[in-house]
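Just below is one structure, and these are the notes that go with it.
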Amino acid sequence: MTKKSSLKCSQGVLLALILAVLSEPLEGSGLEVLSHFRLNSSDVSAFEEGGANRNRIEVGPSGTLHIAFSGVLKGKALTDVFFRRSLPEGKWDELKQLSEEKLQHRAPAIWVGDEDKIHYAWLAHDDRRQQERVGLRYRKSEDGGASWSKVHEFDVGIVVARVPVLEGDSQGNLYLCISNRGQKEDQERIILFRSGDEGESWEQVDVHNGEERLFSVNPPRLVAGGEGKAYLAWLDSTPGGRAVVFAQTSDGGKSWSKAVPLNDDLTRVLSDPVMTFDQGKIQVTWVESSGRRSSIYVDYSDDGGESWHPDQLLYQEPVSEVSLKSTQVHGKLLILWQDYRELLWQRGESLLYRLYPQDEVPEQLEQPKNGSLTGSLDNLLSFRGFEVVPVGDEGCVGVYSKKTLDGRPTIYVSRSQKLIEGFEEVVAVSKDNGTTESLWPHVRKVSDKELVILYNQIQAPTGLEQRSRKLLGNLILTRVRLQDREPSSEAEQSE
């Protein structure tokens, strides 16, 4: 099958999907699928590359949905970045292309401020030169996405194309940062731009404070607080000792504190840190690996990063690899990780979690026990993205792309009425017909009763080729309504 015929087939599948029944109750699941909608047009294929280039969804203060994604126009080879927003009564605005130059545009980042003011940044590759350069681009909209400012260019000569991070606060401060390696440098460093006037003007600031041996690797983590405060954590890859480091600002990013290492042992291999912030408490989690053993650590500060407790071990297992996330849920710290194990005949995966009180970390590893986001400790699975959102006073919903031994990746929802009591896998919500794969979901809460799930849906590959590949297909938004449900002693599953 040619690329052209494959794309036509994919579009036909999605057209049938969109014309499906608008409201689809799933009997006994406590969940109702309200609609599926294809966000890209027939002339634009959504683009995804191995999950690194995540498409974005944000809910504005008015409840409007804002979508940022990269895609390929029909008949063209280069990627561009696009924007789409929801309108009242469930309608959608026309698809808007925000990139203008004939370059490779990808990896969008979006932040929505007060009054649905939208800030949008992305990477722009110029590979026509002998050595590839990558720049950052930025545009903003002050009317909810109806019109956009001119493109602001940040030409920083990047040769490592990491995903940019864009955050802001209600005081007009914006932060745009990326980990990169300059053309004459051997190591990556953090480059950060700040704006104190809602993106009208920008300046580059030094978060390293002149330290020559403070490097970085992979995208940093940045959280914007109030009153000009912001917090930055990244993985320092300085030769001779890797560390999870933290820096902060209290003047809108004009100056930054000296970076503080949070981990005690600098000899281990570390993962990218994950940072959460809630009412002055900052918690940073990361994974340390030694041989075939992986350990999850946490460090936390009660005073906005001025001082830190000793790092504490949360979990330790003889597993080959761990992919980590953490979030604040109902005043507690929820640690989630994708557990990879080398089984006798294949690699097995499971999605696990632990829930901790916000103001203390238990000293014993035995409590609390691991829970499973899928409702099962089965390792014969494979996952392509997972996220959670809190709902109600005590509940939580998990969304993930799951592939079993006999199937293709499909979007599933797990629900917990009371988080401390665990999850039940509820149902598959994506419309897959056996020839498509649904990958890398984003989930956002519109209300305690309604969620929106954004994911890529591609034509499933054929053959035994397993190499990384560029993925072209459709970008789907599924609306889901949570229904009141009587507690059940047995997990209900719907495949």
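Naming works like this for the structure tokens: A, B, ... for the chains as they're shown, residue 1 at the start of each chain, ligands 1 onward in shown order.
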For this session: Extract, using only C-alpha atoms, all DNA, RNA and protein residues at most 10 Å from Trp308 (chain A), discarding same-chain residues fewer than 2 positions from it, and format them as a ChimeraX atom specification.
Result: /A:260,262,282-283,299-306,310-311
For this session: Excluding Thr410 (chain A) and any residue of its chain fewer than 2 positions from it, enumerate the residues within 12 Å of it, using only C-alpha atoms, and give them as a VMD selection string.
Result: chain A and resid 381 to 386 399 to 404 406 to 408 412 to 413 427 to 441 455 to 458 460 495
Please produce an output containing C-alpha atoms for each residue in the selection, written as a compact mmCIF listing (two decimals), in the first residue's frame.
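Once written, result.txt looks like this:
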```txt
# COMPACT_ATOMS: atom_id res chain seq x y z
CA LEU A 381 1.27 -5.36 28.41
CA SER A 382 2.78 -2.43 26.57
CA PHE A 383 1.94 1.26 27.09
CA ARG A 384 2.28 4.34 24.90
CA GLY A 385 1.57 7.21 27.28
CA PHE A 386 -0.39 7.67 30.52
CA VAL A 399 -6.03 7.49 30.91
CA TYR A 400 -3.47 5.44 28.99
CA SER A 401 -2.71 3.76 25.69
CA LYS A 402 -2.44 0.03 26.24
CA LYS A 403 -1.38 -2.79 23.97
CA THR A 404 -1.82 -6.42 24.93
CA ASP A 406 -3.09 -9.91 20.90
CA GLY A 407 -4.02 -6.31 20.12
CA ARG A 408 -3.00 -2.82 19.01
CA TYR A 412 -8.33 3.02 28.09
CA VAL A 413 -9.80 4.77 31.10
CA VAL A 427 -13.38 0.62 29.33
CA ALA A 428 -11.62 1.34 26.05
CA VAL A 429 -12.81 4.69 24.75
CA SER A 430 -11.02 5.07 21.39
CA LYS A 431 -12.66 3.85 18.21
CA ASP A 432 -10.19 1.35 16.80
CA ASN A 433 -11.14 -1.01 13.99
CA GLY A 434 -8.17 -3.35 14.05
CA THR A 435 -6.14 -1.38 11.52
CA THR A 436 -5.40 1.72 13.63
CA GLU A 437 -3.36 2.51 16.73
CA SER A 438 -4.28 5.13 19.35
CA LEU A 439 -1.25 6.63 21.12
CA TRP A 440 0.05 9.22 23.61
CA PRO A 441 -3.10 10.50 25.31
CA TYR A 455 -4.60 11.38 21.25
CA ASN A 456 -3.01 10.43 17.95
CA GLN A 457 -4.58 7.76 15.81
CA ILE A 458 -2.44 6.30 13.05
CA ALA A 460 -1.07 0.48 12.12
CA GLU A 495 -12.12 -4.87 26.36
```
Problem set entry | Distance criterion (only C-alpha atoms): nearest to Arg194 (chain A) out of A:Val207, A:Leu174, A:Leu73, A:Leu87 |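 That would be A:Leu174, the residue with the smallest distance to Arg194 (chain A).
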For this session: Give me the residues within 8 Å of Arg106 (chain A) as a count of residues only, counting only C-alpha atoms and dropping any in the same chain fewer than 6 places off.
Result: 10
Could I get the residues of region 248-345 of chain A with an atom no further than 12 Å from an atom of region 196-202 of chain A, each paired with its nearest atom pair and that distance in Å to one decimal, using only C-alpha atoms, sorted by chain and residue number, as JSON lines?
```
{"residue": "A:Asp251", "atom": "CA", "partner": "A:Gly196", "partner_atom": "CA", "distance": 9.5}
{"residue": "A:Gly252", "atom": "CA", "partner": "A:Gly196", "partner_atom": "CA", "distance": 6.8}
{"residue": "A:Gly253", "atom": "CA", "partner": "A:Gly196", "partner_atom": "CA", "distance": 8.6}
{"residue": "A:Lys254", "atom": "CA", "partner": "A:Gly196", "partner_atom": "CA", "distance": 9.1}
```
Selected residues written out, N, CA and C atoms, as a compact mmCIF listing (two decimals), in the first residue's frame:
```txt
# COMPACT_ATOMS: atom_id res chain seq x y z
N ASP A 251 11.76 37.19 41.10
CA ASP A 251 11.57 38.48 40.43
C ASP A 251 11.14 38.32 38.97
N GLY A 252 10.35 37.29 38.71
CA GLY A 252 9.87 37.08 37.36
C GLY A 252 10.90 36.55 36.39
N GLY A 253 11.97 35.94 36.91
CA GLY A 253 12.98 35.33 36.06
C GLY A 253 14.16 36.20 35.72
N LYS A 254 14.23 37.43 36.27
CA LYS A 254 15.37 38.31 35.99
C LYS A 254 16.66 37.74 36.57
```
Exercise. Taking the backbone alone, and naming residues the way the document does, which bits of region 70-148 of chain A are strand (DSSP E) by DSSP, as a ChimeraX atom specification?
Worked result: /A:70-73,79-85,96-97,104-112,118-126,133-141
